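Data file: final16.txt. Format and content: compact mmCIF, C-alpha atoms and all ligand atoms.
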```
# COMPACT_ATOMS: atom_id res chain seq x y z
CA MET L 1 -29.59 15.02 14.13
CA ARG L 2 -28.45 14.23 10.62
CA LEU L 3 -25.89 11.70 9.40
CA ASN L 4 -23.29 11.94 6.67
CA LYS L 5 -25.35 10.81 3.70
CA PHE L 6 -22.24 10.41 1.56
CA TYR L 7 -21.81 7.05 3.32
CA ASN L 8 -24.72 5.88 1.17
CA ASN L 9 -22.42 6.23 -1.82
CA ILE L 10 -19.79 3.71 -0.72
CA GLU L 11 -19.94 -0.07 -0.89
CA ASP L 12 -21.58 -1.70 2.15
CA SER L 13 -18.41 -3.51 3.08
CA TYR L 14 -14.71 -2.79 2.67
CA LEU L 15 -13.13 -5.14 0.07
CA PHE L 16 -11.01 -7.11 2.53
CA SER L 17 -13.93 -7.46 4.96
CA THR L 18 -16.03 -8.94 2.14
CA ILE L 19 -13.25 -11.41 1.37
CA SER L 20 -12.92 -12.44 5.04
CA LYS L 21 -16.66 -13.06 5.20
CA LYS L 22 -16.46 -15.25 2.08
CA ILE L 23 -13.57 -17.21 3.60
CA SER L 24 -15.43 -17.74 6.88
CA LEU L 25 -18.48 -18.98 5.01
CA TYR L 26 -16.38 -21.37 2.93
CA LYS L 27 -14.57 -22.59 6.06
CA SER L 28 -17.83 -23.22 7.88
CA LYS L 29 -19.00 -25.41 4.99
CA ASN L 30 -15.59 -27.07 4.45
CA PRO L 31 -13.97 -27.23 7.88
CA SER L 32 -11.13 -29.48 6.75
CA ALA L 33 -10.09 -27.28 3.79
CA ASP L 34 -6.43 -26.32 3.92
CA LEU L 35 -6.75 -22.72 2.75
CA ILE L 36 -3.75 -20.74 1.59
CA LYS L 37 -4.33 -17.02 2.03
CA MET L 38 -2.75 -14.82 -0.58
CA GLY L 39 -5.44 -12.16 -0.50
CA ILE L 40 -4.87 -9.24 1.84
CA GLY L 41 -1.25 -8.11 1.83
CA ASP L 42 -0.54 -9.12 5.38
CA VAL L 43 2.99 -10.07 6.35
CA THR L 44 3.89 -13.42 7.91
CA ARG L 45 7.58 -13.07 8.86
CA PRO L 46 8.10 -12.21 12.53
CA LEU L 47 9.49 -8.83 13.55
CA CYS L 48 13.26 -8.63 13.23
CA SER L 49 15.31 -9.17 16.38
CA ALA L 50 16.59 -5.56 16.45
CA THR L 51 12.98 -4.38 16.77
CA ILE L 52 12.03 -7.00 19.33
CA ASP L 53 15.07 -6.15 21.50
CA ALA L 54 14.33 -2.43 21.29
CA MET L 55 10.67 -2.88 22.21
CA ASP L 56 11.64 -5.23 25.01
CA LYS L 57 13.95 -2.60 26.43
CA ALA L 58 11.26 0.07 25.97
CA VAL L 59 8.77 -2.03 27.96
CA HIS L 60 11.28 -2.07 30.81
CA ASP L 61 11.77 1.70 30.46
CA MET L 62 8.07 2.02 31.16
CA ALA L 63 8.50 0.03 34.40
CA GLU L 64 10.81 2.59 36.07
CA ALA L 65 9.85 6.11 37.13
CA GLU L 66 13.14 7.53 35.71
CA THR L 67 12.62 6.14 32.23
CA PHE L 68 8.82 6.07 32.12
CA HIS L 69 7.16 7.92 29.19
CA GLY L 70 3.70 9.47 29.23
CA TYR L 71 2.32 11.49 26.34
CA GLY L 72 4.91 11.83 23.62
CA PRO L 73 5.29 14.59 21.05
CA GLU L 74 2.39 14.39 18.57
CA GLN L 75 4.79 14.55 15.65
CA GLY L 76 6.80 11.61 16.97
CA TYR L 77 9.94 11.31 19.13
CA GLU L 78 13.01 13.03 17.73
CA PHE L 79 15.05 9.83 18.11
CA LEU L 80 12.83 8.22 15.45
CA ARG L 81 12.35 11.24 13.21
CA GLU L 82 16.11 11.73 13.06
CA LYS L 83 16.60 8.15 11.83
CA ILE L 84 13.91 8.61 9.20
CA CYS L 85 15.71 11.77 7.99
CA ASN L 86 18.93 9.75 7.66
CA TYR L 87 17.07 7.03 5.77
CA TYR L 88 15.92 9.65 3.27
CA GLY L 89 19.47 10.99 3.17
CA ASP L 90 20.63 7.59 1.92
CA LEU L 91 18.13 7.93 -0.94
CA GLY L 92 19.70 11.27 -1.82
CA VAL L 93 16.75 13.17 -0.40
CA SER L 94 17.16 15.96 2.11
CA VAL L 95 14.29 16.04 4.60
CA GLY L 96 14.20 18.11 7.82
CA ILE L 97 13.11 16.69 11.14
CA GLY L 98 10.18 19.13 11.22
CA GLU L 99 8.94 17.59 8.00
CA ILE L 100 8.46 14.08 9.41
CA PHE L 101 5.23 13.09 11.15
CA VAL L 102 5.14 9.67 12.81
CA SER L 103 1.74 7.97 12.63
CA ASP L 104 0.08 4.66 13.34
CA GLY L 105 0.28 3.68 9.67
CA ALA L 106 -0.33 4.84 6.12
CA LYS L 107 -4.01 3.96 6.04
CA SER L 108 -4.88 6.42 8.84
CA ASP L 109 -2.87 9.24 7.30
CA VAL L 110 -4.30 8.61 3.83
CA GLY L 111 -7.76 9.15 5.30
CA ASN L 112 -6.92 11.82 7.87
CA ILE L 113 -5.06 14.16 5.54
CA LEU L 114 -8.35 14.88 3.80
CA ASP L 115 -9.25 17.02 6.85
CA LEU L 116 -7.03 19.69 5.33
CA PHE L 117 -8.78 19.94 1.98
CA ALA L 118 -11.98 21.68 0.97
CA ARG L 119 -14.80 19.55 -0.34
CA ASP L 120 -14.86 21.25 -3.73
CA ASN L 121 -11.47 19.87 -4.81
CA LYS L 122 -11.47 17.58 -7.83
CA VAL L 123 -9.63 14.37 -7.05
CA LEU L 124 -7.76 12.36 -9.68
CA ILE L 125 -7.41 8.67 -8.88
CA PRO L 126 -6.05 5.88 -11.06
CA ASP L 127 -8.35 2.93 -11.62
CA PRO L 128 -7.67 0.24 -10.34
CA VAL L 129 -6.57 1.55 -6.97
CA TYR L 130 -6.24 0.88 -3.23
CA PRO L 131 -9.90 1.37 -2.19
CA VAL L 132 -9.06 3.66 0.74
CA TYR L 133 -8.29 6.62 -1.58
CA VAL L 134 -11.70 6.35 -3.21
CA ASP L 135 -13.80 5.55 -0.14
CA THR L 136 -12.35 8.33 2.04
CA ASN L 137 -13.06 10.92 -0.64
CA ILE L 138 -16.57 9.61 -1.24
CA MET L 139 -17.21 9.80 2.51
CA ASP L 140 -16.33 13.50 2.30
CA GLY L 141 -18.46 14.07 -0.79
CA ARG L 142 -15.60 15.03 -3.08
CA GLU L 143 -15.79 14.71 -6.87
CA ILE L 144 -13.54 11.93 -8.16
CA ILE L 145 -12.28 11.63 -11.71
CA TYR L 146 -10.51 8.46 -12.74
CA ILE L 147 -7.52 7.87 -14.94
CA ASP L 148 -7.41 4.51 -16.65
CA ALA L 149 -4.67 2.07 -15.78
CA ASN L 150 -4.86 -0.93 -18.06
CA GLU L 151 -3.02 -3.58 -20.00
CA GLU L 152 -2.13 -1.07 -22.76
CA ASN L 153 -0.29 1.31 -20.43
CA GLY L 154 1.10 -1.50 -18.28
CA PHE L 155 -1.10 -0.22 -15.43
CA LEU L 156 1.05 2.92 -15.27
CA PRO L 157 -1.16 5.73 -16.54
CA MET L 158 0.45 9.04 -17.44
CA PRO L 159 -1.12 12.47 -16.91
CA ASN L 160 -3.48 13.85 -19.48
CA GLU L 161 -2.75 17.58 -19.57
CA SER L 162 -6.30 18.42 -20.61
CA GLN L 163 -7.75 16.79 -17.48
CA GLU L 164 -8.05 19.22 -14.55
CA ALA L 165 -7.38 18.03 -11.02
CA ASP L 166 -6.64 19.49 -7.58
CA ILE L 167 -5.57 16.39 -5.67
CA ILE L 168 -3.78 13.48 -7.34
CA TYR L 169 -3.15 10.04 -5.85
CA ILE L 170 -0.09 8.04 -6.88
CA CYS L 171 1.02 4.76 -5.34
CA SER L 172 4.30 3.32 -6.61
CA PRO L 173 5.15 0.44 -6.48
CA ASN L 174 1.46 0.17 -6.92
CA ASN L 175 -1.13 -1.54 -4.86
CA PRO L 176 -2.82 -3.52 -6.38
CA THR L 177 -0.94 -3.88 -9.68
CA GLY L 178 2.66 -4.07 -8.48
CA ALA L 179 3.67 -1.79 -11.40
CA ALA L 180 6.20 0.92 -10.51
CA TYR L 181 6.94 4.29 -12.12
CA ASN L 182 10.43 5.18 -13.20
CA LYS L 183 11.85 8.58 -12.31
CA GLU L 184 11.13 10.12 -15.73
CA GLN L 185 7.50 9.08 -15.54
CA LEU L 186 7.15 10.52 -12.05
CA LYS L 187 8.74 13.74 -13.22
CA ARG L 188 5.90 14.09 -15.71
CA TRP L 189 3.41 13.69 -12.87
CA VAL L 190 5.22 16.31 -10.79
CA ASP L 191 5.27 18.73 -13.75
CA TYR L 192 1.60 18.09 -14.37
CA ALA L 193 0.73 18.70 -10.69
CA GLN L 194 2.68 21.95 -10.71
CA SER L 195 1.00 23.12 -13.90
CA MET L 196 -2.40 22.43 -12.29
CA ASN L 197 -1.40 23.86 -8.92
CA ALA L 198 -2.49 20.48 -7.61
CA LEU L 199 -1.24 18.39 -4.71
CA ILE L 200 0.09 14.83 -5.13
CA ILE L 201 -0.61 12.41 -2.31
CA TYR L 202 2.16 9.89 -2.86
CA ASP L 203 1.80 6.51 -1.19
CA ALA L 204 5.25 4.97 -0.79
CA ALA L 205 4.19 2.03 1.39
CA TYR L 206 5.97 -0.46 -0.89
CA GLU L 207 9.16 1.54 -1.60
CA ALA L 208 11.37 -0.94 0.26
CA PHE L 209 10.67 -3.54 -2.46
CA VAL L 210 12.36 -1.43 -5.13
CA ASP L 211 15.83 -2.59 -6.15
CA ASP L 212 15.93 -1.09 -9.62
CA SER L 213 17.76 2.23 -9.37
CA GLY L 214 15.79 3.68 -12.30
CA LEU L 215 12.62 3.46 -10.24
CA ALA L 216 11.73 5.98 -7.56
CA ARG L 217 11.73 5.07 -3.86
CA SER L 218 10.39 8.49 -2.89
CA ILE L 219 8.57 11.22 -4.79
CA PHE L 220 11.11 13.61 -3.27
CA GLN L 221 13.76 12.08 -5.52
CA ILE L 222 12.02 14.06 -8.26
CA ASP L 223 12.80 17.77 -8.76
CA GLY L 224 9.93 20.02 -7.83
CA ALA L 225 8.12 17.43 -5.67
CA ARG L 226 8.68 19.33 -2.41
CA LYS L 227 6.46 22.07 -3.82
CA CYS L 228 3.55 19.85 -4.82
CA ALA L 229 3.61 16.52 -2.95
CA VAL L 230 3.21 14.89 0.41
CA GLU L 231 4.53 11.38 0.92
CA ILE L 232 2.91 8.75 3.10
CA CYS L 233 4.93 5.76 4.15
CA SER L 234 4.54 2.79 6.42
CA LEU L 235 6.59 0.20 8.24
CA SER L 236 3.85 -2.40 7.72
CA LYS L 237 5.34 -4.01 4.64
CA THR L 238 8.88 -2.71 5.10
CA ALA L 239 9.37 -4.15 8.58
CA GLY L 240 6.36 -6.37 9.26
CA PHE L 241 4.50 -3.76 11.36
CA THR L 242 0.95 -4.57 10.16
CA GLY L 243 0.04 -5.60 13.71
CA VAL L 244 2.35 -3.15 15.48
CA ARG L 245 1.24 0.00 13.63
CA CYS L 246 3.74 2.66 12.71
CA GLY L 247 4.23 4.82 9.64
CA TYR L 248 5.23 8.35 8.73
CA THR L 249 4.18 11.18 6.52
CA VAL L 250 6.58 13.70 5.04
CA ILE L 251 5.42 17.24 4.32
CA SER L 252 7.89 19.89 3.29
CA GLU L 253 7.99 22.94 5.57
CA ASP L 254 7.60 25.21 2.58
CA LEU L 255 4.67 23.45 0.95
CA GLU L 256 2.25 26.34 0.45
CA MET L 257 -1.02 26.13 -1.44
CA ASP L 258 -4.07 28.36 -1.55
CA GLY L 259 -2.30 30.83 0.73
CA MET L 260 -1.75 28.30 3.54
CA ASN L 261 1.15 26.18 4.76
CA ILE L 262 0.27 22.47 4.61
CA ASN L 263 3.01 21.42 7.06
CA LYS L 264 1.66 23.86 9.68
CA MET L 265 -1.92 22.78 9.03
CA TRP L 266 -0.95 19.13 9.53
CA ILE L 267 0.83 19.92 12.82
CA ARG L 268 -2.32 21.72 13.93
CA ARG L 269 -4.54 18.86 12.85
CA GLN L 270 -2.41 16.16 14.43
CA SER L 271 -1.90 17.99 17.73
CA THR L 272 -5.66 18.42 18.01
CA LYS L 273 -6.80 14.96 16.95
CA PHE L 274 -3.88 12.60 17.58
CA ASN L 275 -1.80 11.79 20.63
CA GLY L 276 1.02 10.07 18.84
CA VAL L 277 2.29 6.53 18.54
CA SER L 278 3.30 4.69 21.71
CA TYR L 279 6.85 5.06 23.01
CA ILE L 280 7.37 1.29 22.83
CA VAL L 281 6.37 1.12 19.16
CA GLN L 282 8.52 4.13 18.25
CA ARG L 283 11.53 2.51 19.89
CA GLY L 284 10.82 -0.61 17.82
CA ALA L 285 10.53 1.57 14.70
CA GLU L 286 13.78 3.34 15.50
CA ALA L 287 15.54 -0.02 15.54
CA VAL L 288 14.28 -0.74 12.01
CA PHE L 289 16.54 2.09 10.82
CA SER L 290 19.64 0.90 12.69
CA PRO L 291 22.31 -0.91 10.61
CA GLU L 292 21.33 -4.31 12.13
CA GLY L 293 17.63 -3.56 11.71
CA ARG L 294 18.09 -2.58 8.09
CA ALA L 295 20.03 -5.74 7.33
CA GLN L 296 17.43 -7.88 9.09
CA ILE L 297 14.40 -6.34 7.36
CA LYS L 298 16.21 -6.69 4.02
CA THR L 299 16.41 -10.44 4.67
CA ASN L 300 12.64 -10.53 5.18
CA ILE L 301 11.95 -8.38 2.12
CA ASN L 302 14.16 -10.66 0.03
CA TYR L 303 12.24 -13.64 1.35
CA TYR L 304 8.97 -12.12 0.11
CA LYS L 305 10.61 -11.15 -3.16
CA GLU L 306 11.69 -14.74 -3.69
CA ASN L 307 8.05 -15.78 -3.11
CA ALA L 308 7.05 -13.20 -5.69
CA LYS L 309 9.54 -14.65 -8.15
CA ILE L 310 8.10 -18.14 -7.66
CA ILE L 311 4.65 -16.79 -8.54
CA CYS L 312 5.98 -14.77 -11.51
CA ASP L 313 7.73 -17.88 -12.85
CA LEU L 314 4.40 -19.70 -12.79
CA MET L 315 2.76 -16.86 -14.72
CA ARG L 316 5.49 -17.04 -17.36
CA GLU L 317 5.23 -20.81 -17.57
CA LEU L 318 1.45 -20.65 -18.02
CA LYS L 319 1.80 -17.66 -20.37
CA ILE L 320 -0.52 -15.56 -18.26
CA TRP L 321 -0.19 -11.78 -18.69
CA PHE L 322 0.90 -10.11 -15.46
CA THR L 323 2.51 -7.05 -13.89
CA GLY L 324 4.35 -6.61 -10.59
CA GLY L 325 6.24 -9.20 -8.62
CA GLU L 326 9.64 -7.65 -9.34
CA ASN L 327 9.87 -4.49 -7.32
CA SER L 328 6.69 -5.31 -5.50
CA PRO L 329 5.12 -8.01 -3.34
CA TYR L 330 2.00 -8.12 -5.53
CA ILE L 331 1.44 -10.09 -8.72
CA TRP L 332 -1.44 -8.79 -10.80
CA PHE L 333 -2.59 -11.05 -13.60
CA LYS L 334 -5.29 -11.63 -16.15
CA CYS L 335 -7.80 -14.22 -15.01
CA PRO L 336 -7.33 -17.36 -17.09
CA GLY L 337 -10.26 -18.42 -19.22
CA ASN L 338 -11.63 -14.87 -19.50
CA ARG L 339 -13.28 -15.24 -16.14
CA SER L 340 -14.49 -12.24 -14.20
CA SER L 341 -12.46 -11.43 -11.10
CA TRP L 342 -15.04 -12.79 -8.65
CA GLU L 343 -15.62 -15.90 -10.78
CA TYR L 344 -11.91 -16.59 -10.62
CA PHE L 345 -11.87 -15.87 -6.87
CA ASP L 346 -14.56 -18.51 -6.28
CA TYR L 347 -12.96 -20.89 -8.75
CA LEU L 348 -9.55 -20.71 -7.07
CA LEU L 349 -11.06 -20.91 -3.60
CA GLU L 350 -13.15 -23.96 -4.40
CA ASN L 351 -10.71 -25.85 -6.62
CA ALA L 352 -7.30 -24.97 -5.21
CA ASN L 353 -8.22 -23.65 -1.75
CA VAL L 354 -6.17 -20.58 -2.59
CA VAL L 355 -7.46 -17.13 -1.62
CA GLY L 356 -6.50 -14.10 -3.68
CA THR L 357 -8.00 -10.67 -4.25
CA PRO L 358 -10.39 -10.03 -7.14
CA GLY L 359 -9.14 -7.17 -9.29
CA SER L 360 -12.62 -5.69 -9.70
CA GLY L 361 -12.56 -4.87 -5.98
CA PHE L 362 -10.01 -2.19 -6.87
CA GLY L 363 -12.07 -0.50 -9.60
CA LYS L 364 -13.74 -1.14 -12.93
CA ASN L 365 -10.45 -1.57 -14.79
CA GLY L 366 -9.55 -4.35 -12.39
CA GLU L 367 -12.36 -6.51 -13.77
CA GLY L 368 -10.93 -9.68 -15.29
CA PHE L 369 -7.74 -9.36 -13.22
CA PHE L 370 -6.60 -10.94 -9.99
CA ARG L 371 -4.00 -10.12 -7.32
CA LEU L 372 -1.84 -12.58 -5.41
CA SER L 373 0.25 -11.48 -2.48
CA ALA L 374 3.79 -12.76 -1.90
CA PHE L 375 3.62 -12.11 1.84
CA GLY L 376 2.90 -15.75 2.72
CA SER L 377 5.32 -18.38 3.90
CA ARG L 378 7.65 -20.04 1.37
CA GLU L 379 6.01 -23.38 1.99
CA ASN L 380 2.52 -22.03 1.29
CA THR L 381 3.67 -20.08 -1.76
CA ILE L 382 5.17 -23.23 -3.29
CA LYS L 383 2.08 -25.24 -2.37
CA ALA L 384 -0.24 -22.64 -3.90
CA VAL L 385 1.77 -22.49 -7.10
CA GLU L 386 1.66 -26.28 -7.39
CA ARG L 387 -2.09 -26.31 -6.86
CA ILE L 388 -2.65 -23.61 -9.49
CA ARG L 389 -0.37 -25.42 -11.95
CA LYS L 390 -2.28 -28.65 -11.41
CA LEU L 391 -5.57 -26.87 -11.88
CA ASN L 392 -4.27 -25.42 -15.09
CA ASP L 393 -3.23 -28.88 -16.29
CA PHE L 394 -6.79 -30.11 -15.76
CA LEU L 395 -8.18 -27.12 -17.57
CA VAL L 396 -5.91 -27.61 -20.54
CA ARG L 397 -6.65 -31.36 -20.61
CA ASP L 398 -10.37 -30.70 -20.54
CA ASN L 399 -9.91 -27.99 -23.13
CA LYS L 400 -11.61 -25.48 -20.85
CA TYR L 401 -9.49 -22.65 -22.16
CA GLY L 402 -6.58 -22.35 -24.50
CA ILE L 403 -3.30 -20.84 -23.50
C1 LIG A 1 -3.74 -4.79 0.76
O1 LIG A 1 -3.81 -6.01 0.80
O2 LIG A 1 -4.09 -4.13 -0.23
C2 LIG A 1 -3.17 -4.07 1.93
O3 LIG A 1 -2.66 -4.95 2.84
C3 LIG A 1 -4.17 -3.27 2.58
C4 LIG A 1 -3.54 -2.25 3.47
O4 LIG A 1 -2.33 -2.07 3.48
O5 LIG A 1 -4.33 -1.59 4.15
```
For the structure just supplied, provide its representation as structure tokens.
Amino acid sequence: MRLNKFYNNIEDSYLFSTISKKISLYKSKNPSADLIKMGIGDVTRPLCSATIDAMDKAVHDMAEAETFHGYGPEQGYEFLREKICNYYGDLGVSVGIGEIFVSDGAKSDVGNILDLFARDNKVLIPDPVYPVYVDTNIMDGREIIYIDANEENGFLPMPNESQEADIIYICSPNNPTGAAYNKEQLKRWVDYAQSMNALIIYDAAYEAFVDDSGLARSIFQIDGARKCAVEICSLSKTAGFTGVRCGYTVISEDLEMDGMNINKMWIRRQSTKFNGVSYIVQRGAEAVFSPEGRAQIKTNINYYKENAKIICDLMRELKIWFTGGENSPYIWFKCPGNRSSWEYFDYLLENANVVGTPGSGFGKNGEGFFRLSAFGSRENTIKAVERIRKLNDFLVRDNKYGI
């Protein structure tokens, strides 16, 4: 037998696994350290009561023969898909029920959708980027070309018409940089994709953090996107489902490329390889889209956004260059003292007991940058900010770096 040798081309360990190992090692050497984790973007607010009540009821449904549910439809129950359609309707986007595919989260779909594409496609990925886009394509042996996101373009690169691509990844609001495209900028990406006959894989996992009406919440708010984009979304950050697992992918029924219909291919793929998300979870997800659910998740999102503001205020106070934090739960900043990303990771861990994510873990352009997540508790966010401020005071006093 032979193995997939392309696995030799990826890093030994996934970024967040490497960070967890570093934390465990530090903890074993410093058992009393009071670590504040602002690394992986994992939520801390409990599920909203509308979701809990719905899942509670669904558990009881499973206890009675009349309301018991076995295998569900692979594409997701209509009761949930209908609510998702209405949610899009509120964004001014018309999406049909046959265009929604319920999944166990964005990460799975981001990887799984590659089943539909030939290996010889050229993939365009911004750098820095969520590592899953890169790793899943490397695992398949696809050629990747990078587009630079950097301080000059505010980490929002625009298409270069002379660069050819077949598959394009866009995540907005962006993970890791927190930067978000406005509608005009996204229109240029859609036009570019159409001119290349390329497909955009649009990751909208953080759309619920957008308040600014000039920014897009969905690629389908842009004219022409139905003909060249699929959108992958998740309830992980929107409704605290990181441990519950539910997301959805939207593929227009008339998305045709290379003589094939992508919506039909995805139905075929999912019905062969996926048995759907559990009834209980889908009932919980349905409740997210109810009026009470939407009000409750908004409270949680605002809580995280307030955390983000506290971190942004610190960046302004210390005059540290940063992006994100406004329509995003991530704050992406330049490491003080010209440190490398991992140097700053160790420095912050050892001196402030604060864990963040080194920017270089997201690509070469992330070197020298650092990401903090606003998904912690208010108390920990305030504590972390105080510790970083204090650390900065020491640095300035000792003239370690000038700001
Ligand atoms: C992150 O911290 O980048 C995300 O939580 C990872 C993910 O959503 O898979």
Exercise. If you measure from CA of Gly243 (chain L) to CA of Met139 (chain L), what distance in Å do you get, rounded to one decimal?
Worked result: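 Here the two named atoms are 25.7 Å from each other.
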Counting only C-alpha atoms, which residues of region 3-71 of chain L sit at most 12 Å from some atom of region 272-277 of chain L, and what is each one's closest atom pair with its distance in Å to one decimal, listed by chain and rising residue number, as JSON lines?
```
{"residue": "L:His69", "atom": "CA", "partner": "L:Val277", "partner_atom": "CA", "distance": 11.8}
{"residue": "L:Gly70", "atom": "CA", "partner": "L:Asn275", "partner_atom": "CA", "distance": 10.5}
{"residue": "L:Tyr71", "atom": "CA", "partner": "L:Asn275", "partner_atom": "CA", "distance": 7.0}
```
Closest contacts (chain L/ligand LIG 1 (chain A), max 7 Å, all atoms listed in the file) as a Markdown table:
```
| residue | atom | partner | partner_atom | distance |
| --- | --- | --- | --- | --- |
| L:Gly39 | CA | A:LIG1 | O1 | 6.5 |
| L:Ile40 | CA | A:LIG1 | O1 | 3.6 |
| L:Gly41 | CA | A:LIG1 | O1 | 3.5 |
| L:Asp42 | CA | A:LIG1 | O3 | 5.3 |
| L:Lys107 | CA | A:LIG1 | O5 | 5.9 |
| L:Tyr130 | CA | A:LIG1 | O2 | 6.2 |
| L:Asn175 | CA | A:LIG1 | O2 | 6.1 |
| L:Pro176 | CA | A:LIG1 | O2 | 6.3 |
```
Which residues of region 287-318 of chain L come within 10 Å of region 82-86 of chain L, and for each one, what is the closest pair of atoms and their distance in Å to one decimal, counting all atoms listed in the file, sorted by chain and residue number, as a Markdown table?
```
| residue | atom | partner | partner_atom | distance |
| --- | --- | --- | --- | --- |
| L:Ala287 | CA | L:Lys83 | CA | 9.0 |
| L:Val288 | CA | L:Lys83 | CA | 9.2 |
| L:Phe289 | CA | L:Lys83 | CA | 6.1 |
| L:Ser290 | CA | L:Lys83 | CA | 7.9 |
```
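Considering only C-alpha atoms, the residue among L:Glu350, L:Glu74, L:Asp148, L:Glu379 positioned nearest to Pro128 (chain L) is L:Asp148.
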Problem set entry | Among the residues L:Ile145, L:Leu348, L:Met315, L:Ala50, the one that comes closest to Lys334 (chain L) [using all atoms listed in the file] | L:Met315
For this session: Tell me which protein, DNA and RNA residues are within 9 Å of region 151-166 of chain L, counting all atoms listed in the file, leaving out same-chain ones fewer than 6 positions away, and put them as a list of chain:residue names.
Result: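 What passes the distance filter is L:Asn121, L:Lys122, L:Val123, L:Leu124, L:Pro126, L:Asp127, L:Pro128, L:Ile145, L:Asn174, L:Thr177, L:Gly178, L:Ala179, L:Ala180, L:Tyr181, L:Gln185, L:Leu186, L:Arg188, L:Trp189, L:Tyr192, L:Ala193, L:Ser195, L:Met196, L:Asn197, L:Ala198, L:Leu199, L:Ile200, L:Trp321, L:Phe322, L:Thr323.
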Problem set entry | Test item: which residues lie within 12 Å of (15.8, -4.6, -9.1) counting all atoms listed in the file, as a list in words | Ala180, Asn182, Glu207, Ala208, Phe209, Val210, Asp211, Asp212, Ser213, Gly214, Leu215, Ala216, Arg217, Asn302, Lys305, Lys309, Gly324, Gly325, Glu326, Asn327 and Ser328 of chain L
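For the residues L:Asp104, L:Asp53, L:Glu99, L:Glu78, ranking by smallest atom-to-atom distance to Arg226 (chain L) using all atoms listed in the file places L:Glu99 first.
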Exercise. With only C-alpha atoms as the basis for distance, which of L:Tyr202, L:Phe6, L:Tyr169, L:Phe241 is at the shortest distance from Ala225 (chain L)?
Worked result: L:Tyr202
Exercise. Which residue gives the smallest distance to Asp346 (chain L) among L:Ile267, L:Ile297, L:Tyr87, L:Ile23, with all atoms listed in the file counted?
Worked result: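 The shortest atom-to-atom distance to Asp346 (chain L) comes from L:Ile23.
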